[in-house]
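To keep things clear, I will list the structure first and then write my remarks on it.
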Amino acid sequence: MAALIQVACQNCGSENVVRRGKSADGKQRYLCQNGDC
């Protein structure tokens with residue numbers, strides 16, 4: 001069973017983010033979907 005980890009944008013605090021690939025060291029990257037961010 002997978003655990004749900006809530007992720008928020010570091011700039012605006014919005015929780016409306018989507019996964020956007022992985023960094024060079026293997027960490028998950030996210031993209032904010034907030035139009036004001």
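Chain identifiers are assigned as A, B, and so on, following the order in which chains appear in the structure tokens; residues are numbered from 1 within each chain, and ligands are numbered from 1 in order of appearance.
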Would you mind writing down, as a PyMOL selection string, each residue of chain A that DSSP on the backbone assigns to strand (DSSP E)? chain A and resi 17-22+28-32
Prev. selection, C-alpha atoms, output as a PDB file, in the first residue's frame:
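As a result, selection-v3.pdb now contains:
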ATOM      1  CA  VAL A  17       1.332  20.444  -8.087  1.00  0.00           C
ATOM      2  CA  VAL A  18       2.123  17.629 -10.535  1.00  0.00           C
ATOM      3  CA  ARG A  19       5.135  15.354 -10.810  1.00  0.00           C
ATOM      4  CA  ARG A  20       7.710  16.634 -13.306  1.00  0.00           C
ATOM      5  CA  GLY A  21      10.506  14.071 -13.702  1.00  0.00           C
ATOM      6  CA  LYS A  22      13.495  13.486 -11.457  1.00  0.00           C
ATOM      7  CA  GLN A  28      11.263  13.609  -7.541  1.00  0.00           C
ATOM      8  CA  ARG A  29      10.619  17.041  -9.090  1.00  0.00           C
ATOM      9  CA  TYR A  30       7.257  18.843  -9.030  1.00  0.00           C
ATOM     10  CA  LEU A  31       5.656  21.617 -11.102  1.00  0.00           C
ATOM     11  CA  CYS A  32       3.210  24.122  -9.585  1.00  0.00           C
TER      12      CYS A  32
END
Need to verify the contact set: Asn16 (chain A), 9 Å, only C-alpha atoms, exclusion of same-chain residues closer than 4 positions in sequence. Can you return it as a PyMOL selection string? chain A and resi 7-9+31-34
Keeping only C-alpha atoms, write the selected residues as a JSON list (two decimals), in the first residue's frame.
[["chain", "number", "residue", "atom", "x", "y", "z"],
["A", 7, "VAL", "CA", 3.48, 18.24, -1.47],
["A", 8, "ALA", "CA", 3.19, 22.03, -1.62],
["A", 9, "CYS", "CA", 4.85, 24.62, -3.84],
["A", 31, "LEU", "CA", 5.66, 21.62, -11.10],
["A", 32, "CYS", "CA", 3.21, 24.12, -9.59],
["A", 33, "GLN", "CA", -0.08, 24.42, -11.50],
["A", 34, "ASN", "CA", -1.08, 27.69, -9.81]]
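CA of Ser23 (chain A) is positioned 20.6 Å from CA of Leu4 (chain A).
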